[in-house]
Amino acid sequence: TFEVSVTLLGPQGGRDRTVLVLRDITRQVTMENDLRAATAALAVLANTDDLTGLANRRRLVERLKEEVERSRRYGRPLSLILLDLDHFKGVNDACGHAAGDEVLRVTARAMESVCRDLDVPGRMGGEEFAVILPETDAAGARTLADRLRLEIARCLHSPEGHEPFQVTASLGVATLDPESDRGVEALMQAADEAMYRAKDQGRNRVAMAR
């Protein structure tokens with residue numbers, strides 16, 4: 001890679017004279033590209049859950065703030081799903097944490113298979129996940145939550161040395177009212193309360209925020 005500069009010296013001896021200077025900047029450009037790549041990689045690491053590859057809690061909250069602001073500004077629907085795997089502690093106790101980690105990874109892939117391109121699935125921590133649903137009202141969010149529940153329950157887990165098993169999830173759905181003062185924290189709390197109501201009602205089901 002070269003940096004080129006051209007300087008016109010003007011006529012000399014009846015002919016125009018020009019100085020062309022080429023400076024080798026290959027090393028500089030390579031270092032700049034490496035720095036940009038490293039910065040991009042760090043940004044991915046800062047926003048990604050290292051176990052599942054989904055958005056982490058930090059990125060989910062940031063994105064939810066952005067979507068709440070957009071929903072209010074343009075009057076567009078916005079919903080949030082929180083889901084928690086049922087009896088997940090029993091998986092770790094019976095099969096070990098490696099098997100538990102694999103269940104979390106499989107759950108993440110199941111979520112990605114159901115979510116649309118505009119949805120933002122992520123892991124809140126432990127066995128709790130979330131999906132931000134832009135442009136989605138309560139009815140649409142309920143439909144997608146039911147699909148998520150069925151897809152997660154359909155997955156068969158087969159850790160070495162143990163009988164195959166399936167894991168279910170309890171899901172809570174909340175929808176933002178653009179006209180209200182309820183923001184990110186209130187939306188998350190509403191979805192969380194609905195999720196625990198689903199657990200109280202028997203697990204492996206979807207509950208809507210009140």
# chains A, B, ... in the order shown; residues from 1 in each chain; ligands from 1
call {"tool": "select_by_dssp", "arguments": {"residues": "range 30-210 of chain A", "states": "strand (DSSP E or B)", "output": "ChimeraX atom specification"}}
result
/A:48,55,78-85,120-125,128-134,157,165,169-175,206-208
call {"tool": "closest_residue", "arguments": {"among": "A:Val131, A:Val68, A:Val21, A:Ala153", "to": "Thr7 in chain A", "atoms": "only C-alpha atoms"}}
result
A:Val21
call {"tool": "residues_around", "arguments": {"residues": "range 169-171 of chain A", "least_positions_apart": "5", "cutoff": "10 Å", "atoms": "only C-alpha atoms", "output": "PDB file with N, CA, C and O atoms, in the first residue's frame"}}
result
ATOM      1  N   ILE A  81     -40.442 -10.775  26.030  1.00  0.00           N
ATOM      2  CA  ILE A  81     -40.661 -12.113  26.602  1.00  0.00           C
ATOM      3  C   ILE A  81     -39.508 -12.421  27.552  1.00  0.00           C
ATOM      4  O   ILE A  81     -38.333 -12.255  27.190  1.00  0.00           O
ATOM      5  N   LEU A  82     -39.822 -12.847  28.749  1.00  0.00           N
ATOM      6  CA  LEU A  82     -38.827 -13.422  29.656  1.00  0.00           C
ATOM      7  C   LEU A  82     -39.177 -14.891  29.839  1.00  0.00           C
ATOM      8  O   LEU A  82     -40.354 -15.240  30.016  1.00  0.00           O
ATOM      9  N   LEU A  83     -38.166 -15.752  29.770  1.00  0.00           N
ATOM     10  CA  LEU A  83     -38.419 -17.185  29.953  1.00  0.00           C
ATOM     11  C   LEU A  83     -37.362 -17.789  30.860  1.00  0.00           C
ATOM     12  O   LEU A  83     -36.206 -17.374  30.864  1.00  0.00           O
ATOM     13  N   ASP A  84     -37.805 -18.751  31.623  1.00  0.00           N
ATOM     14  CA  ASP A  84     -36.933 -19.440  32.576  1.00  0.00           C
ATOM     15  C   ASP A  84     -37.126 -20.938  32.401  1.00  0.00           C
ATOM     16  O   ASP A  84     -38.265 -21.425  32.330  1.00  0.00           O
ATOM     17  N   LEU A  85     -36.020 -21.674  32.298  1.00  0.00           N
ATOM     18  CA  LEU A  85     -36.114 -23.125  32.140  1.00  0.00           C
ATOM     19  C   LEU A  85     -36.593 -23.761  33.438  1.00  0.00           C
ATOM     20  O   LEU A  85     -36.098 -23.441  34.523  1.00  0.00           O
ATOM     21  N   ASP A  86     -37.538 -24.670  33.315  1.00  0.00           N
ATOM     22  CA  ASP A  86     -38.145 -25.299  34.487  1.00  0.00           C
ATOM     23  C   ASP A  86     -37.230 -26.381  35.071  1.00  0.00           C
ATOM     24  O   ASP A  86     -36.668 -27.199  34.340  1.00  0.00           O
ATOM     25  N   HIS A  87     -37.104 -26.359  36.393  1.00  0.00           N
ATOM     26  CA  HIS A  87     -36.342 -27.391  37.130  1.00  0.00           C
ATOM     27  C   HIS A  87     -34.919 -27.548  36.578  1.00  0.00           C
ATOM     28  O   HIS A  87     -34.385 -28.669  36.535  1.00  0.00           O
ATOM     29  N   PHE A  88     -34.308 -26.444  36.187  1.00  0.00           N
ATOM     30  CA  PHE A  88     -32.974 -26.535  35.586  1.00  0.00           C
ATOM     31  C   PHE A  88     -31.922 -26.999  36.595  1.00  0.00           C
ATOM     32  O   PHE A  88     -30.964 -27.684  36.233  1.00  0.00           O
ATOM     33  N   THR A 107     -30.993 -24.558  23.978  1.00  0.00           N
ATOM     34  CA  THR A 107     -32.110 -23.628  24.149  1.00  0.00           C
ATOM     35  C   THR A 107     -31.898 -22.364  23.329  1.00  0.00           C
ATOM     36  O   THR A 107     -32.829 -21.860  22.680  1.00  0.00           O
ATOM     37  N   GLU A 127     -30.364 -19.633  33.922  1.00  0.00           N
ATOM     38  CA  GLU A 127     -31.241 -20.297  32.964  1.00  0.00           C
ATOM     39  C   GLU A 127     -32.363 -19.377  32.490  1.00  0.00           C
ATOM     40  O   GLU A 127     -33.385 -19.831  31.984  1.00  0.00           O
ATOM     41  N   GLU A 128     -32.160 -18.074  32.642  1.00  0.00           N
ATOM     42  CA  GLU A 128     -33.180 -17.103  32.253  1.00  0.00           C
ATOM     43  C   GLU A 128     -32.791 -16.409  30.947  1.00  0.00           C
ATOM     44  O   GLU A 128     -31.670 -15.918  30.800  1.00  0.00           O
ATOM     45  N   PHE A 129     -33.741 -16.360  30.025  1.00  0.00           N
ATOM     46  CA  PHE A 129     -33.520 -15.758  28.712  1.00  0.00           C
ATOM     47  C   PHE A 129     -34.566 -14.681  28.463  1.00  0.00           C
ATOM     48  O   PHE A 129     -35.557 -14.570  29.195  1.00  0.00           O
ATOM     49  N   ALA A 130     -34.345 -13.885  27.424  1.00  0.00           N
ATOM     50  CA  ALA A 130     -35.296 -12.842  27.056  1.00  0.00           C
ATOM     51  C   ALA A 130     -35.323 -12.699  25.546  1.00  0.00           C
ATOM     52  O   ALA A 130     -34.361 -13.046  24.846  1.00  0.00           O
ATOM     53  N   ARG A 142     -47.727 -13.183  22.102  1.00  0.00           N
ATOM     54  CA  ARG A 142     -48.250 -14.430  22.672  1.00  0.00           C
ATOM     55  C   ARG A 142     -48.033 -15.584  21.692  1.00  0.00           C
ATOM     56  O   ARG A 142     -47.634 -16.688  22.083  1.00  0.00           O
ATOM     57  N   ALA A 145     -44.372 -16.482  21.703  1.00  0.00           N
ATOM     58  CA  ALA A 145     -44.017 -17.124  22.979  1.00  0.00           C
ATOM     59  C   ALA A 145     -44.468 -18.576  22.995  1.00  0.00           C
ATOM     60  O   ALA A 145     -43.749 -19.457  23.474  1.00  0.00           O
ATOM     61  N   ASP A 146     -45.651 -18.850  22.474  1.00  0.00           N
ATOM     62  CA  ASP A 146     -46.131 -20.233  22.408  1.00  0.00           C
ATOM     63  C   ASP A 146     -45.240 -21.081  21.505  1.00  0.00           C
ATOM     64  O   ASP A 146     -44.953 -22.247  21.806  1.00  0.00           O
ATOM     65  N   LEU A 148     -42.070 -20.525  20.926  1.00  0.00           N
ATOM     66  CA  LEU A 148     -40.826 -20.729  21.680  1.00  0.00           C
ATOM     67  C   LEU A 148     -40.979 -21.858  22.687  1.00  0.00           C
ATOM     68  O   LEU A 148     -40.103 -22.730  22.799  1.00  0.00           O
ATOM     69  N   ARG A 149     -42.075 -21.827  23.426  1.00  0.00           N
ATOM     70  CA  ARG A 149     -42.299 -22.855  24.450  1.00  0.00           C
ATOM     71  C   ARG A 149     -42.310 -24.255  23.832  1.00  0.00           C
ATOM     72  O   ARG A 149     -41.665 -25.176  24.335  1.00  0.00           O
ATOM     73  N   LEU A 150     -43.003 -24.401  22.721  1.00  0.00           N
ATOM     74  CA  LEU A 150     -43.097 -25.710  22.071  1.00  0.00           C
ATOM     75  C   LEU A 150     -41.749 -26.158  21.510  1.00  0.00           C
ATOM     76  O   LEU A 150     -41.390 -27.337  21.601  1.00  0.00           O
ATOM     77  N   GLU A 151     -41.006 -25.216  20.928  1.00  0.00           N
ATOM     78  CA  GLU A 151     -39.713 -25.566  20.330  1.00  0.00           C
ATOM     79  C   GLU A 151     -38.707 -25.983  21.404  1.00  0.00           C
ATOM     80  O   GLU A 151     -37.947 -26.939  21.226  1.00  0.00           O
ATOM     81  N   ILE A 152     -38.702 -25.278  22.534  1.00  0.00           N
ATOM     82  CA  ILE A 152     -37.793 -25.634  23.627  1.00  0.00           C
ATOM     83  C   ILE A 152     -38.148 -27.007  24.193  1.00  0.00           C
ATOM     84  O   ILE A 152     -37.269 -27.840  24.450  1.00  0.00           O
ATOM     85  N   ALA A 153     -39.447 -27.264  24.382  1.00  0.00           N
ATOM     86  CA  ALA A 153     -39.872 -28.551  24.939  1.00  0.00           C
ATOM     87  C   ALA A 153     -39.610 -29.706  23.984  1.00  0.00           C
ATOM     88  O   ALA A 153     -39.478 -30.856  24.412  1.00  0.00           O
ATOM     89  N   ALA A 191     -42.977  -8.381  32.733  1.00  0.00           N
ATOM     90  CA  ALA A 191     -42.699  -9.673  32.101  1.00  0.00           C
ATOM     91  C   ALA A 191     -42.212 -10.689  33.134  1.00  0.00           C
ATOM     92  O   ALA A 191     -42.568 -11.879  33.069  1.00  0.00           O
ATOM     93  N   ASP A 192     -41.416 -10.226  34.094  1.00  0.00           N
ATOM     94  CA  ASP A 192     -40.893 -11.113  35.135  1.00  0.00           C
ATOM     95  C   ASP A 192     -42.030 -11.644  36.017  1.00  0.00           C
ATOM     96  O   ASP A 192     -42.080 -12.844  36.338  1.00  0.00           O
ATOM     97  N   GLU A 193     -42.946 -10.769  36.395  1.00  0.00           N
ATOM     98  CA  GLU A 193     -44.073 -11.197  37.222  1.00  0.00           C
ATOM     99  C   GLU A 193     -44.949 -12.197  36.460  1.00  0.00           C
ATOM    100  O   GLU A 193     -45.445 -13.175  37.048  1.00  0.00           O
ATOM    101  N   ALA A 194     -45.133 -11.949  35.164  1.00  0.00           N
ATOM    102  CA  ALA A 194     -45.924 -12.891  34.363  1.00  0.00           C
ATOM    103  C   ALA A 194     -45.228 -14.247  34.268  1.00  0.00           C
ATOM    104  O   ALA A 194     -45.877 -15.302  34.333  1.00  0.00           O
ATOM    105  N   MET A 195     -43.906 -14.220  34.135  1.00  0.00           N
ATOM    106  CA  MET A 195     -43.151 -15.467  34.042  1.00  0.00           C
ATOM    107  C   MET A 195     -43.308 -16.296  35.328  1.00  0.00           C
ATOM    108  O   MET A 195     -43.528 -17.516  35.275  1.00  0.00           O
ATOM    109  N   TYR A 196     -43.221 -15.645  36.476  1.00  0.00           N
ATOM    110  CA  TYR A 196     -43.356 -16.396  37.730  1.00  0.00           C
ATOM    111  C   TYR A 196     -44.794 -16.841  37.954  1.00  0.00           C
ATOM    112  O   TYR A 196     -45.036 -17.861  38.606  1.00  0.00           O
ATOM    113  N   ARG A 197     -45.744 -16.113  37.389  1.00  0.00           N
ATOM    114  CA  ARG A 197     -47.127 -16.573  37.458  1.00  0.00           C
ATOM    115  C   ARG A 197     -47.295 -17.839  36.627  1.00  0.00           C
ATOM    116  O   ARG A 197     -48.030 -18.759  37.019  1.00  0.00           O
ATOM    117  N   ALA A 198     -46.597 -17.909  35.488  1.00  0.00           N
ATOM    118  CA  ALA A 198     -46.630 -19.132  34.670  1.00  0.00           C
ATOM    119  C   ALA A 198     -46.067 -20.312  35.449  1.00  0.00           C
ATOM    120  O   ALA A 198     -46.587 -21.438  35.362  1.00  0.00           O
ATOM    121  N   LYS A 199     -45.022 -20.069  36.222  1.00  0.00           N
ATOM    122  CA  LYS A 199     -44.457 -21.146  37.041  1.00  0.00           C
ATOM    123  C   LYS A 199     -45.448 -21.572  38.127  1.00  0.00           C
ATOM    124  O   LYS A 199     -45.647 -22.762  38.384  1.00  0.00           O
ATOM    125  N   ASP A 200     -46.082 -20.577  38.776  1.00  0.00           N
ATOM    126  CA  ASP A 200     -47.036 -20.894  39.839  1.00  0.00           C
ATOM    127  C   ASP A 200     -48.236 -21.670  39.312  1.00  0.00           C
ATOM    128  O   ASP A 200     -48.859 -22.438  40.051  1.00  0.00           O
ATOM    129  N   GLN A 201     -48.558 -21.458  38.036  1.00  0.00           N
ATOM    130  CA  GLN A 201     -49.722 -22.121  37.442  1.00  0.00           C
ATOM    131  C   GLN A 201     -49.400 -23.519  36.904  1.00  0.00           C
ATOM    132  O   GLN A 201     -50.265 -24.164  36.314  1.00  0.00           O
ATOM    133  N   GLY A 202     -48.142 -23.970  37.088  1.00  0.00           N
ATOM    134  CA  GLY A 202     -47.810 -25.335  36.705  1.00  0.00           C
ATOM    135  C   GLY A 202     -46.642 -25.493  35.759  1.00  0.00           C
ATOM    136  O   GLY A 202     -46.306 -26.607  35.370  1.00  0.00           O
ATOM    137  N   ARG A 203     -46.018 -24.396  35.351  1.00  0.00           N
ATOM    138  CA  ARG A 203     -44.854 -24.423  34.460  1.00  0.00           C
ATOM    139  C   ARG A 203     -45.213 -24.891  33.047  1.00  0.00           C
ATOM    140  O   ARG A 203     -46.317 -25.307  32.792  1.00  0.00           O
ATOM    141  N   ASN A 204     -44.230 -24.746  32.156  1.00  0.00           N
ATOM    142  CA  ASN A 204     -44.398 -25.121  30.751  1.00  0.00           C
ATOM    143  C   ASN A 204     -45.627 -24.436  30.154  1.00  0.00           C
ATOM    144  O   ASN A 204     -46.466 -25.057  29.508  1.00  0.00           O
ATOM    145  N   ARG A 205     -45.703 -23.116  30.373  1.00  0.00           N
ATOM    146  CA  ARG A 205     -46.829 -22.362  29.842  1.00  0.00           C
ATOM    147  C   ARG A 205     -46.448 -20.898  29.679  1.00  0.00           C
ATOM    148  O   ARG A 205     -45.375 -20.464  30.136  1.00  0.00           O
ATOM    149  N   VAL A 206     -47.307 -20.143  29.031  1.00  0.00           N
ATOM    150  CA  VAL A 206     -47.107 -18.721  28.792  1.00  0.00           C
ATOM    151  C   VAL A 206     -48.135 -17.935  29.605  1.00  0.00           C
ATOM    152  O   VAL A 206     -49.322 -18.294  29.616  1.00  0.00           O
ATOM    153  N   ALA A 207     -47.681 -16.899  30.283  1.00  0.00           N
ATOM    154  CA  ALA A 207     -48.585 -16.006  31.003  1.00  0.00           C
ATOM    155  C   ALA A 207     -48.381 -14.584  30.497  1.00  0.00           C
ATOM    156  O   ALA A 207     -47.254 -14.168  30.218  1.00  0.00           O
ATOM    157  N   MET A 208     -49.486 -13.859  30.364  1.00  0.00           N
ATOM    158  CA  MET A 208     -49.445 -12.473  29.894  1.00  0.00           C
ATOM    159  C   MET A 208     -49.443 -11.525  31.084  1.00  0.00           C
ATOM    160  O   MET A 208     -50.111 -11.776  32.107  1.00  0.00           O
TER     161      MET A 208
END
call {"tool": "select_by_dssp", "arguments": {"residues": "range 19-151 of chain A", "states": "helix (DSSP H, G or I)", "output": "ChimeraX atom specification"}}
result
/A:26-47,57-74,88-95,97-114,138-151
call {"tool": "residues_around", "arguments": {"residues": "Val6 in chain A", "least_positions_apart": "4", "cutoff": "7 Å", "atoms": "only C-alpha atoms", "output": "list in words"}}
result
Thr18, Val19, Leu20 and Val21 of chain A
call {"tool": "residues_around", "arguments": {"residues": "Glu160 in chain A", "least_positions_apart": "5", "cutoff": "12 Å", "atoms": "only C-alpha atoms", "output": "VMD selection string"}}
result
chain A and resid 95 to 96 98 to 99 102 165
call {"tool": "write_last_selection", "arguments": {"atoms": "all heavy atoms", "output": "short mmCIF file (atom, residue, chain, number, x, y, z; two decimals), in the first residue's frame"}}
result
data_model
loop_
_atom_site.label_atom_id
_atom_site.label_comp_id
_atom_site.auth_asym_id
_atom_site.auth_seq_id
_atom_site.Cartn_x
_atom_site.Cartn_y
_atom_site.Cartn_z
N CYS A 95 -27.00 -34.49 36.11
CA CYS A 95 -26.14 -34.78 34.95
C CYS A 95 -24.83 -34.00 34.93
O CYS A 95 -23.97 -34.28 34.09
CB CYS A 95 -26.91 -34.49 33.65
SG CYS A 95 -28.48 -35.35 33.51
N GLY A 96 -24.68 -33.03 35.80
CA GLY A 96 -23.45 -32.24 35.83
C GLY A 96 -23.61 -30.92 35.09
O GLY A 96 -24.51 -30.73 34.27
N ALA A 98 -21.68 -29.57 32.86
CA ALA A 98 -21.40 -29.61 31.42
C ALA A 98 -22.68 -29.90 30.64
O ALA A 98 -22.95 -29.29 29.60
CB ALA A 98 -20.34 -30.66 31.11
N ALA A 99 -23.47 -30.82 31.17
CA ALA A 99 -24.76 -31.13 30.54
C ALA A 99 -25.69 -29.92 30.63
O ALA A 99 -26.42 -29.61 29.68
CB ALA A 99 -25.39 -32.34 31.19
N GLU A 102 -24.81 -27.44 28.03
CA GLU A 102 -25.27 -27.86 26.70
C GLU A 102 -26.77 -27.62 26.54
O GLU A 102 -27.23 -27.23 25.45
CB GLU A 102 -24.95 -29.33 26.47
CG GLU A 102 -25.32 -29.85 25.09
CD GLU A 102 -24.62 -29.12 23.96
OE1 GLU A 102 -23.58 -28.47 24.20
OE2 GLU A 102 -25.13 -29.18 22.82
N PHE A 165 -33.51 -36.68 27.92
CA PHE A 165 -34.58 -35.97 28.62
C PHE A 165 -34.92 -34.68 27.87
O PHE A 165 -34.19 -34.24 26.98
CB PHE A 165 -34.16 -35.64 30.06
CG PHE A 165 -32.95 -34.74 30.16
CD1 PHE A 165 -33.09 -33.36 30.17
CD2 PHE A 165 -31.67 -35.28 30.22
CE1 PHE A 165 -31.98 -32.54 30.26
CE2 PHE A 165 -30.55 -34.46 30.30
CZ PHE A 165 -30.70 -33.09 30.32
#
call {"tool": "closest_residue", "arguments": {"among": "A:Ala38, A:Leu51, A:Ile25, A:Ala94", "to": "His162 in chain A", "atoms": "only C-alpha atoms"}}
result
A:Ala94
call {"tool": "closest_residue", "arguments": {"among": "A:Pro77, A:Gly125, A:Gly100, A:Pro11", "to": "Thr48 in chain A", "atoms": "only C-alpha atoms"}}
result
A:Gly125
call {"tool": "atom_distance", "arguments": {"atom1": "CA of Arg76 in chain A", "atom2": "CA of Asp49 in chain A"}}
result
28.5 Å
call {"tool": "residues_around", "arguments": {"residues": "Gln189 in chain A", "least_positions_apart": "6", "cutoff": "12 Å", "atoms": "only C-alpha atoms", "output": "list in words"}}
result
Leu80, Ile81, Leu82, Gly172, Val173, Ala174, Thr175, Leu176, Arg182, Gly183, Met195, Tyr196, Ala209 and Arg210 of chain A
call {"tool": "write_last_selection", "arguments": {"atoms": "N, CA and C atoms", "output": "tab-separated table (two decimals), in the first residue's frame"}}
result
chain	number	residue	atom	x	y	z
A	80	LEU	N	-41.99	-7.76	25.15
A	80	LEU	CA	-40.83	-8.41	25.75
A	80	LEU	C	-41.26	-9.76	26.31
A	81	ILE	N	-40.44	-10.78	26.03
A	81	ILE	CA	-40.66	-12.11	26.60
A	81	ILE	C	-39.51	-12.42	27.55
A	82	LEU	N	-39.82	-12.85	28.75
A	82	LEU	CA	-38.83	-13.42	29.66
A	82	LEU	C	-39.18	-14.89	29.84
A	172	GLY	N	-43.11	-15.35	30.39
A	172	GLY	CA	-43.94	-14.20	30.70
A	172	GLY	C	-43.84	-13.17	29.59
A	173	VAL	N	-44.96	-12.60	29.20
A	173	VAL	CA	-45.02	-11.66	28.08
A	173	VAL	C	-45.58	-10.33	28.57
A	174	ALA	N	-44.89	-9.25	28.23
A	174	ALA	CA	-45.37	-7.90	28.55
A	174	ALA	C	-45.29	-7.04	27.30
A	175	THR	N	-46.25	-6.14	27.15
A	175	THR	CA	-46.28	-5.24	25.99
A	175	THR	C	-46.28	-3.80	26.48
A	176	LEU	N	-45.47	-2.98	25.83
A	176	LEU	CA	-45.34	-1.58	26.22
A	176	LEU	C	-46.54	-0.78	25.74
A	182	ARG	N	-44.56	4.07	31.78
A	182	ARG	CA	-43.81	2.86	32.13
A	182	ARG	C	-42.64	2.69	31.16
A	183	GLY	N	-41.45	2.55	31.73
A	183	GLY	CA	-40.27	2.43	30.89
A	183	GLY	C	-39.68	1.04	30.93
A	195	MET	N	-43.91	-14.22	34.13
A	195	MET	CA	-43.15	-15.47	34.04
A	195	MET	C	-43.31	-16.30	35.33
A	196	TYR	N	-43.22	-15.65	36.48
A	196	TYR	CA	-43.36	-16.40	37.73
A	196	TYR	C	-44.79	-16.84	37.95
A	209	ALA	N	-48.69	-10.42	30.96
A	209	ALA	CA	-48.66	-9.41	32.01
A	209	ALA	C	-50.04	-8.80	32.19
A	210	ARG	N	-50.38	-8.45	33.41
A	210	ARG	CA	-51.69	-7.85	33.70
A	210	ARG	C	-51.63	-6.34	33.55
call {"tool": "residues_around", "arguments": {"residues": "range 70-73 of chain A", "least_positions_apart": "6", "cutoff": "9 Å", "atoms": "only C-alpha atoms", "output": "compact mmCIF listing (two decimals) with N, CA and C atoms, in the first residue's frame"}}
result
# COMPACT_ATOMS: atom_id res chain seq x y z
N PRO A 134 -39.60 -6.01 18.70
CA PRO A 134 -40.05 -4.74 18.11
C PRO A 134 -41.22 -4.99 17.16
N GLU A 135 -42.03 -3.95 16.99
CA GLU A 135 -43.15 -4.02 16.03
C GLU A 135 -44.09 -5.19 16.32
N LEU A 176 -45.47 -2.98 25.83
CA LEU A 176 -45.34 -1.58 26.22
C LEU A 176 -46.54 -0.78 25.74
N ASP A 177 -47.05 0.07 26.60
CA ASP A 177 -48.06 1.04 26.21
C ASP A 177 -47.33 2.35 25.91
N PRO A 178 -47.21 2.76 24.63
CA PRO A 178 -46.44 3.96 24.28
C PRO A 178 -46.96 5.22 24.96
N GLU A 179 -48.23 5.20 25.37
CA GLU A 179 -48.81 6.40 25.97
C GLU A 179 -48.54 6.49 27.47
N SER A 180 -48.05 5.40 28.06
CA SER A 180 -47.84 5.40 29.51
C SER A 180 -46.43 5.87 29.84
call {"tool": "atom_distance", "arguments": {"atom1": "CA of Arg123 in chain A", "atom2": "CA of Arg109 in chain A"}}
result
11.8 Å
call {"tool": "atom_distance", "arguments": {"atom1": "CA of Glu112 in chain A", "atom2": "CA of Tyr74 in chain A"}}
result
27.1 Å
call {"tool": "decode", "arguments": {"residues": "range 30-37 of chain A", "atoms": "all heavy atoms", "output": "compact mmCIF listing (two decimals), in the first residue's frame"}}
result
# COMPACT_ATOMS: atom_id res chain seq x y z
N THR A 30 -1.76 -1.99 7.82
CA THR A 30 -1.98 -3.29 8.44
C THR A 30 -2.26 -3.14 9.93
O THR A 30 -3.17 -3.78 10.47
CB THR A 30 -0.75 -4.19 8.23
OG1 THR A 30 -0.54 -4.37 6.83
CG2 THR A 30 -0.94 -5.55 8.89
N MET A 31 -1.49 -2.28 10.60
CA MET A 31 -1.70 -2.05 12.03
C MET A 31 -3.07 -1.43 12.30
O MET A 31 -3.75 -1.80 13.26
CB MET A 31 -0.59 -1.17 12.58
CG MET A 31 0.79 -1.83 12.61
SD MET A 31 2.10 -0.73 13.15
CE MET A 31 1.59 -0.39 14.84
N GLU A 32 -3.48 -0.48 11.44
CA GLU A 32 -4.78 0.16 11.61
C GLU A 32 -5.91 -0.86 11.41
O GLU A 32 -6.90 -0.86 12.16
CB GLU A 32 -4.93 1.32 10.63
CG GLU A 32 -4.04 2.51 10.96
CD GLU A 32 -4.09 3.58 9.88
OE1 GLU A 32 -4.70 3.32 8.82
OE2 GLU A 32 -3.53 4.67 10.11
N ASN A 33 -5.76 -1.72 10.41
CA ASN A 33 -6.77 -2.76 10.17
C ASN A 33 -6.85 -3.74 11.34
O ASN A 33 -7.94 -4.17 11.74
CB ASN A 33 -6.47 -3.50 8.88
CG ASN A 33 -6.71 -2.66 7.64
OD1 ASN A 33 -7.45 -1.66 7.70
ND2 ASN A 33 -6.10 -3.03 6.54
N ASP A 34 -5.67 -4.11 11.86
CA ASP A 34 -5.64 -5.02 13.00
C ASP A 34 -6.32 -4.38 14.21
O ASP A 34 -7.03 -5.06 14.97
CB ASP A 34 -4.20 -5.39 13.35
CG ASP A 34 -3.58 -6.32 12.31
OD1 ASP A 34 -4.33 -6.88 11.49
OD2 ASP A 34 -2.34 -6.47 12.32
N LEU A 35 -6.09 -3.08 14.41
CA LEU A 35 -6.69 -2.37 15.54
C LEU A 35 -8.21 -2.31 15.40
O LEU A 35 -8.94 -2.53 16.37
CB LEU A 35 -6.12 -0.96 15.64
CG LEU A 35 -6.66 -0.09 16.77
CD1 LEU A 35 -6.39 -0.73 18.12
CD2 LEU A 35 -6.04 1.31 16.72
N ARG A 36 -8.68 -2.03 14.17
CA ARG A 36 -10.12 -1.99 13.94
C ARG A 36 -10.74 -3.37 14.19
O ARG A 36 -11.82 -3.48 14.78
CB ARG A 36 -10.42 -1.52 12.52
CG ARG A 36 -10.41 0.00 12.35
CD ARG A 36 -11.01 0.40 11.02
NE ARG A 36 -10.14 0.01 9.92
CZ ARG A 36 -9.23 0.80 9.39
NH1 ARG A 36 -9.04 2.02 9.88
NH2 ARG A 36 -8.49 0.39 8.38
N ALA A 37 -10.07 -4.42 13.74
CA ALA A 37 -10.58 -5.78 13.94
C ALA A 37 -10.62 -6.13 15.43
O ALA A 37 -11.58 -6.74 15.91
CB ALA A 37 -9.73 -6.78 13.18
